[in-house]
There are 2 protein chains.
Amino acid sequence: MKATSLRARVRAEMIDEIKEIARQHLATDGANLSLRAVARDLGMVSSAVYRYFASRDDLLTALILDAYNALGSAVEEAEGQVPREALHDRWMAMCTAVRTWAVAHPHEYALIYGSPVPGYRAPQDTVAAATRAVTVLGTIVQDGAVSGAIPDNDDPLPGAEVEHDIRRISGAISPDAPLRVVARALSAWVMLFGQVSFEIFGQLQNTVTTPAALFDHQMRAQARYIGIPPAPPATRTE
Amino acid sequence: MKATSLRARVRAEMIDEIKEIARQHLATDGANLSLRAVARDLGMVSSAVYRYFASRDDLLTALILDAYNALGSAVEEAEGQVPREALHDRWMAMCTAVRTWAVAHPHEYALIYGSPVPGYRAPQDTVAAATRAVTVLGTIVQDGAVSGAIPDNDDPLPGAEVEHDIRRISGAISPDAPLRVVARALSAWVMLFGQVSFEIFGQLQNTVTTPAALFDHQMRAQARYIGIPPAPPATRTE
DNA sequence: GATTTGTGTGAGCAGTGCTCTCGATTCAGA
DNA sequence: TCTGAATCGAGAGCACTGCTCACACAAATC
């Protein structure tokens with residue numbers, strides 16, 4: 001009746017344990033993760049770890065994938081709890097989830113949105129995981145566009161090359177939204193991660209005293225910029 | 001007539017040479033800079049390098065400071081060549097200078113705007129250097145505000161905490177600009193570096209085919225957002 | 001039961017940051 | 001101009017790293 005052998009189960013647990021310890025080391029020692037130190041914490045010799053990860057970079061890649069998925073889950077979960085028609089609340093929930101997760105896991109955030117550590121390659125596996133967060137933005141914009149809540153704007157249209165790029169992104173994320181709305185949503189997306197990165201990477205040090213409040217204010221401004229109608233004054237819906 | 005001794009001059013040259021080789025290693029091998037390898041390239045033994053830099057982190061800090069200054073110079077120089085009254089051109093020149101420098105020196109850009117490498121501290125020296133670029137933005141906004149070219153907008157005012165932060169930034173950079181204009185300029189600034197970071201760090205891979213064109217389009221949109229009037233249709237001024 | 005497969009050990013290699021001692025060179029003051 | 005002090009590079013050495021490779025032991029398969 002056991003679908004997986006004892007060995008396979010133990011192996012999976014071992015992999016999880018290694019990654020967990022590695023995450024702890026990441027949080028304390030920074031990005032220069034020591035495989036030997038991880039092995040030491042596990043009570044085993046360094047070479048044994050190589051039975052589970054072919055190299056240190058492979059371990060890091062696994063952590064990167066996990067980080068993308070953790071962020072994706074956090075965002076999906078937070079946005080999923082908001083009623084579909086409350087576009088503004090969905091947008092804010094999404095933004096806040098990104099920042100909250102980043103503040104709680106700064107080193108893992110740095111792993112995925114900071115400078116690429118090794119000779120940077122993005123294994124195809126990570127692409128799908130990385131897409132989860134932006135897909136949430138896509139559904140918000142898509143819902144707002146089809147319901148008419150988010151109107152088109154009168155921005156100048158981009159050149160052919162840029163239009164092609166934006167159209168492709170739109171097709172994958174919010175196929176029925178006007179091109180110019182997608183363009184604005186994209187810039188808001190970039191602004192969102194720019195703001196978080198500035199905070200996590202210390203660019204706001206000695207400049208901003210209340211990053212959470214500033215973040216909230218700026219994200220509301222971005223919602224206005226995209227064209228997401230403001231939330232109605234707190235009226236209980238039940 | 002020599003103000004500095006021979007030794008001091010040789011020492012300064014040596015420091016420059018070490019930094020130059022280190023920059024080359026940074027460009028090829030990525031962020032994990034090897035002091036021994038740098039020493040080898042210089043034909044000296046590793047311990048000799050410690051006569052010039054107390055530690056590897058000290059070398060990196062020096063490179064970080066140089067990078068901030070290089071970016072600052074590039075931005076100042078590009079923006080300085082545009083006539084003062086051409087606000088839109090000044091804005092675009094500034095944005096383009098940031099991206100151009102980053103594309104030309106991706107690893108140095110990662111050093112200053114990526115994940116902080118060591119147990120991240122920002123030595124006070126770097127703060128001044130880091131301010132140079134944003135100061136350019138400040139003068140543009142300031143000039144536009146006092147000349148009336150950039151009108152105030154009707155954004156909701158932020159809460160007291162955020163207002164305090166923005167007011168302090170405004171005071172240091174563009175003291176006569178309306179609070180709400182400064183807030184928008186700040187978000188545009190964040191968006192600018194978000195866009196560049198996304199490109200340099202590979203977040204746009206397999207998504208955007210012409211990053212330069214997209215960048216140009218998005219930065220024009222940000223100028224509109226701030227309230228910088230569009231450049232008049234190319235009429236030769238002479 | 002024999003054999004193949006997976007797992008952990010320990011030694012070892014090449015590389016790293018950094019310290020220290022030891023000659024050699026340059027500088028500054030008498 | 002000579003002398004003591006400061007500076008500099010070389011080399012050895014320590015503790016650490018990623019990674020490889022035989023070796024022994026256990027589990028899974030035949």
# chains A, B, ... in the order shown; residues from 1 in each chain; ligands from 1
$ interface_residues --of "chain C" --to "chain B" --cutoff "12 Å" --atoms "only C-alpha atoms (C1' of nucleotides)" --output "PDB file with C-alpha atoms (C1' of nucleotides), in the first residue's frame"
ATOM      1  C1'  DG C  15      41.330  27.499  -3.715  1.00  0.00           C
ATOM      2  C1'  DT C  16      40.018  31.331  -0.357  1.00  0.00           C
ATOM      3  C1'  DG C  17      40.626  35.485   3.402  1.00  0.00           C
ATOM      4  C1'  DC C  18      43.729  36.867   6.575  1.00  0.00           C
ATOM      5  C1'  DT C  19      47.917  37.090   9.973  1.00  0.00           C
ATOM      6  C1'  DC C  20      52.595  37.238  10.983  1.00  0.00           C
ATOM      7  C1'  DT C  25      63.404  50.086   0.363  1.00  0.00           C
ATOM      8  C1'  DT C  26      62.152  54.844   1.110  1.00  0.00           C
ATOM      9  C1'  DC C  27      61.438  58.729   4.012  1.00  0.00           C
ATOM     10  C1'  DA C  28      62.282  62.320   7.600  1.00  0.00           C
TER      11       DA C  28
END
$ interface_residues --of "chain D" --to "chain A" --cutoff "10 Å" --atoms "only C-alpha atoms (C1' of nucleotides)" --output "list of chain:residue names"
D:DC16, D:DT17, D:DG18, D:DC19, D:DT20, D:DA27, D:DA28
$ atom_distance --atom1 "CA of Ala133 (chain B)" --atom2 "CA of Ser147 (chain B)"
22.0 Å
$ atom_distance --atom1 "CA of Pro211 (chain B)" --atom2 "CA of Val141 (chain B)"
26.0 Å
$ residues_around --residues "DG9 (chain D)" --least-positions-apart "2" --cutoff "8 Å" --atoms "only C-alpha atoms (C1' of nucleotides)" --output "ChimeraX atom specification"
/B:44-45,48
$ write_last_selection --atoms "C-alpha atoms" --output "PDB file, in the first residue's frame"
ATOM      1  CA  MET B  44      52.287  40.336  -6.407  1.00  0.00           C
ATOM      2  CA  VAL B  45      51.474  38.129  -3.480  1.00  0.00           C
ATOM      3  CA  ALA B  48      50.781  42.695  -0.225  1.00  0.00           C
TER       4      ALA B  48
END
$ atom_distance --atom1 "CA of Ala93 (chain B)" --atom2 "CA of Val75 (chain B)"
7.8 Å
$ interface_residues --of "chain B" --to "chain A" --cutoff "6 Å" --atoms "only C-alpha atoms" --output "ChimeraX atom specification"
/B:110,114-115,162,165,190-191,194-195,201,208,214
$ residues_around --residues "Glu17 (chain A)" --least-positions-apart "4" --cutoff "12 Å" --atoms "only C-alpha atoms (C1' of nucleotides)" --output "PyMOL selection string"
chain A and resi 10-13+21-24+38-39+41-43+49+52+59
$ write_last_selection --atoms "C-alpha atoms" --output "PDB file, in the first residue's frame"
ATOM      1  CA  VAL A  10      13.522   9.561   3.936  1.00  0.00           C
ATOM      2  CA  ARG A  11      15.242  11.185   1.001  1.00  0.00           C
ATOM      3  CA  ALA A  12      12.492  13.738   0.537  1.00  0.00           C
ATOM      4  CA  GLU A  13      12.605  14.581   4.224  1.00  0.00           C
ATOM      5  CA  ILE A  21      18.917  24.620   7.580  1.00  0.00           C
ATOM      6  CA  ALA A  22      20.249  26.379   4.501  1.00  0.00           C
ATOM      7  CA  ARG A  23      17.474  28.961   4.782  1.00  0.00           C
ATOM      8  CA  GLN A  24      18.455  29.579   8.393  1.00  0.00           C
ATOM      9  CA  VAL A  38      24.960  23.320   6.720  1.00  0.00           C
ATOM     10  CA  ALA A  39      26.257  19.752   6.781  1.00  0.00           C
ATOM     11  CA  ASP A  41      24.478  21.554  11.560  1.00  0.00           C
ATOM     12  CA  LEU A  42      22.891  18.385  10.246  1.00  0.00           C
ATOM     13  CA  GLY A  43      25.504  16.238  12.010  1.00  0.00           C
ATOM     14  CA  VAL A  49      25.164  16.606   1.144  1.00  0.00           C
ATOM     15  CA  TYR A  52      21.129  15.372  -2.451  1.00  0.00           C
ATOM     16  CA  LEU A  59      21.049  24.074  -3.544  1.00  0.00           C
TER      17      LEU A  59
END
$ select_by_dssp --residues "region 74-224 of chain B" --states "alpha helix (DSSP H)" --output "number ranges by chain"
B: 74-80, 87-104, 106-113, 124-147, 160-173, 179-200, 211-224
$ write_last_selection --atoms "C-alpha atoms" --output "compact mmCIF listing (two decimals), in the first residue's frame"
# COMPACT_ATOMS: atom_id res chain seq x y z
CA ALA B 74 27.34 60.10 -15.83
CA VAL B 75 23.94 61.43 -14.83
CA GLU B 76 25.20 64.93 -14.05
CA GLU B 77 27.12 65.11 -17.28
CA ALA B 78 24.22 63.94 -19.46
CA GLU B 79 21.65 66.16 -17.82
CA GLY B 80 24.01 69.12 -17.74
CA LEU B 87 12.57 70.06 -18.55
CA HIS B 88 11.36 67.04 -20.45
CA ASP B 89 14.67 66.57 -22.21
CA ARG B 90 16.49 66.91 -18.91
CA TRP B 91 14.31 64.22 -17.40
CA MET B 92 14.82 61.87 -20.30
CA ALA B 93 18.56 62.56 -20.39
CA MET B 94 18.79 61.69 -16.73
CA CYS B 95 16.79 58.48 -17.07
CA THR B 96 18.69 57.37 -20.13
CA ALA B 97 22.01 58.11 -18.47
CA VAL B 98 21.10 55.85 -15.55
CA ARG B 99 20.10 52.98 -17.79
CA THR B 100 23.02 53.41 -20.16
CA TRP B 101 25.53 53.37 -17.34
CA ALA B 102 23.86 50.35 -15.75
CA VAL B 103 23.86 48.39 -19.01
CA ALA B 104 27.52 49.26 -19.55
CA PRO B 106 26.01 45.71 -14.84
CA HIS B 107 28.17 44.28 -12.08
CA GLU B 108 28.96 47.66 -10.63
CA TYR B 109 25.28 48.50 -10.80
CA ALA B 110 24.54 45.27 -8.94
CA LEU B 111 27.07 46.33 -6.34
CA ILE B 112 25.16 49.47 -5.47
CA TYR B 113 21.54 48.67 -6.30
CA GLN B 124 28.73 57.53 5.65
CA ASP B 125 31.05 58.29 2.73
CA THR B 126 28.79 56.46 0.33
CA VAL B 127 25.74 58.49 1.31
CA ALA B 128 27.05 61.67 -0.24
CA ALA B 129 28.06 59.88 -3.42
CA ALA B 130 24.73 58.10 -3.59
CA THR B 131 22.91 61.41 -3.34
CA ARG B 132 24.42 62.87 -6.49
CA ALA B 133 22.04 61.16 -8.90
CA VAL B 134 18.84 61.91 -7.01
CA THR B 135 19.97 65.50 -6.62
CA VAL B 136 19.75 65.87 -10.37
CA LEU B 137 16.12 64.78 -10.22
CA GLY B 138 15.63 67.32 -7.46
CA THR B 139 16.87 70.24 -9.53
CA ILE B 140 14.63 69.30 -12.45
CA VAL B 141 11.57 69.15 -10.22
CA GLN B 142 12.60 72.30 -8.41
CA ASP B 143 13.09 74.25 -11.65
CA GLY B 144 9.77 73.01 -12.98
CA ALA B 145 7.98 73.93 -9.81
CA VAL B 146 9.30 77.49 -9.47
CA SER B 147 8.78 78.23 -13.16
CA ALA B 160 1.35 62.77 8.89
CA GLU B 161 4.23 60.28 9.01
CA VAL B 162 4.58 60.03 5.27
CA GLU B 163 4.17 63.76 4.88
CA HIS B 164 7.03 64.26 7.28
CA ASP B 165 9.27 61.91 5.30
CA ILE B 166 8.42 63.48 1.96
CA ARG B 167 8.85 66.97 3.36
CA ARG B 168 12.33 66.09 4.55
CA ILE B 169 13.28 64.67 1.18
CA SER B 170 11.80 67.67 -0.55
CA GLY B 171 13.76 70.00 1.69
CA ALA B 172 17.02 68.37 0.70
CA ILE B 173 16.33 68.16 -2.99
CA LEU B 179 4.47 68.02 -1.63
CA ARG B 180 2.35 66.04 -4.04
CA VAL B 181 4.68 66.71 -6.93
CA VAL B 182 7.61 65.50 -4.86
CA ALA B 183 5.67 62.37 -3.97
CA ARG B 184 5.04 61.63 -7.64
CA ALA B 185 8.63 62.37 -8.55
CA LEU B 186 9.74 59.97 -5.85
CA SER B 187 7.59 57.19 -7.18
CA ALA B 188 8.90 57.88 -10.68
CA TRP B 189 12.42 57.67 -9.29
CA VAL B 190 11.64 54.32 -7.73
CA MET B 191 10.04 53.18 -10.96
CA LEU B 192 13.14 54.24 -12.90
CA PHE B 193 15.44 52.10 -10.80
CA GLY B 194 12.91 49.30 -10.65
CA GLN B 195 12.85 49.18 -14.43
CA VAL B 196 16.64 49.21 -14.69
CA SER B 197 17.01 46.56 -11.99
CA PHE B 198 14.45 44.32 -13.66
CA GLU B 199 16.42 44.55 -16.89
CA ILE B 200 19.89 44.16 -15.41
CA PRO B 211 14.19 46.79 -23.20
CA ALA B 212 15.63 50.09 -24.40
CA ALA B 213 12.46 50.98 -26.29
CA LEU B 214 10.23 49.93 -23.43
CA PHE B 215 12.35 51.95 -21.04
CA ASP B 216 12.02 55.02 -23.19
CA HIS B 217 8.27 54.66 -23.44
CA GLN B 218 7.80 54.09 -19.73
CA MET B 219 10.00 57.00 -18.74
CA ARG B 220 8.01 59.32 -20.98
CA ALA B 221 4.91 58.07 -19.22
CA GLN B 222 6.51 58.84 -15.87
CA ALA B 223 7.35 62.37 -17.01
CA ARG B 224 3.67 62.81 -17.87
$ residues_around --residues "DC25 (chain D)" --least-positions-apart "6" --cutoff "12 Å" --atoms "only C-alpha atoms (C1' of nucleotides)" --output "MDAnalysis selection string"
chainID C and resid 6:9
$ write_last_selection --atoms "N, CA and C atoms (P, O5', C5', C4', C3', O3' and C1' of nucleotides)" --output "compact mmCIF listing (two decimals), in the first residue's frame"
# COMPACT_ATOMS: atom_id res chain seq x y z
P DG C 6 20.16 4.37 -7.43
O5' DG C 6 20.29 4.66 -5.87
C5' DG C 6 19.16 4.49 -5.03
C4' DG C 6 19.56 4.62 -3.58
C3' DG C 6 20.10 6.00 -3.19
O3' DG C 6 19.43 6.42 -2.00
C1' DG C 6 21.61 4.31 -2.50
P DT C 7 19.52 7.91 -1.53
O5' DT C 7 20.63 7.85 -0.39
C5' DT C 7 20.32 7.17 0.82
C4' DT C 7 21.57 6.97 1.65
C3' DT C 7 22.31 8.27 2.02
O3' DT C 7 22.05 8.55 3.39
C1' DT C 7 23.79 6.47 1.50
P DG C 8 22.51 9.93 4.05
O5' DG C 8 23.96 9.58 4.63
C5' DG C 8 24.07 8.98 5.90
C4' DG C 8 25.50 8.60 6.18
C3' DG C 8 26.44 9.79 6.42
O3' DG C 8 27.06 9.66 7.70
C1' DG C 8 27.38 8.27 4.86
P DT C 9 28.19 10.70 8.16
O5' DT C 9 29.52 9.95 7.73
C5' DT C 9 29.77 8.63 8.19
C4' DT C 9 31.21 8.23 7.92
C3' DT C 9 32.25 9.30 8.26
O3' DT C 9 33.21 8.74 9.13
C1' DT C 9 32.58 8.51 6.03
$ decode --residues "region 8-30 of chain C" --atoms "C-alpha atoms (C1' of nucleotides)" --output "tab-separated table (two decimals), in the first residue's frame"
chain	number	residue	atom	x	y	z
C	8	DG	C1'	27.38	8.27	4.86
C	9	DT	C1'	32.58	8.51	6.03
C	10	DG	C1'	37.10	10.26	5.73
C	11	DA	C1'	41.01	11.63	3.19
C	12	DG	C1'	42.54	14.78	-0.03
C	13	DC	C1'	43.02	18.67	-3.68
C	14	DA	C1'	42.87	23.32	-4.97
C	15	DG	C1'	41.33	27.50	-3.71
C	16	DT	C1'	40.02	31.33	-0.36
C	17	DG	C1'	40.63	35.49	3.40
C	18	DC	C1'	43.73	36.87	6.58
C	19	DT	C1'	47.92	37.09	9.97
C	20	DC	C1'	52.59	37.24	10.98
C	21	DT	C1'	57.52	37.39	10.49
C	22	DC	C1'	61.32	38.83	7.89
C	23	DG	C1'	64.32	41.30	4.69
C	24	DA	C1'	64.48	45.45	1.64
C	25	DT	C1'	63.40	50.09	0.36
C	26	DT	C1'	62.15	54.84	1.11
C	27	DC	C1'	61.44	58.73	4.01
C	28	DA	C1'	62.28	62.32	7.60
C	29	DG	C1'	64.85	64.45	11.10
C	30	DA	C1'	69.34	65.46	13.27
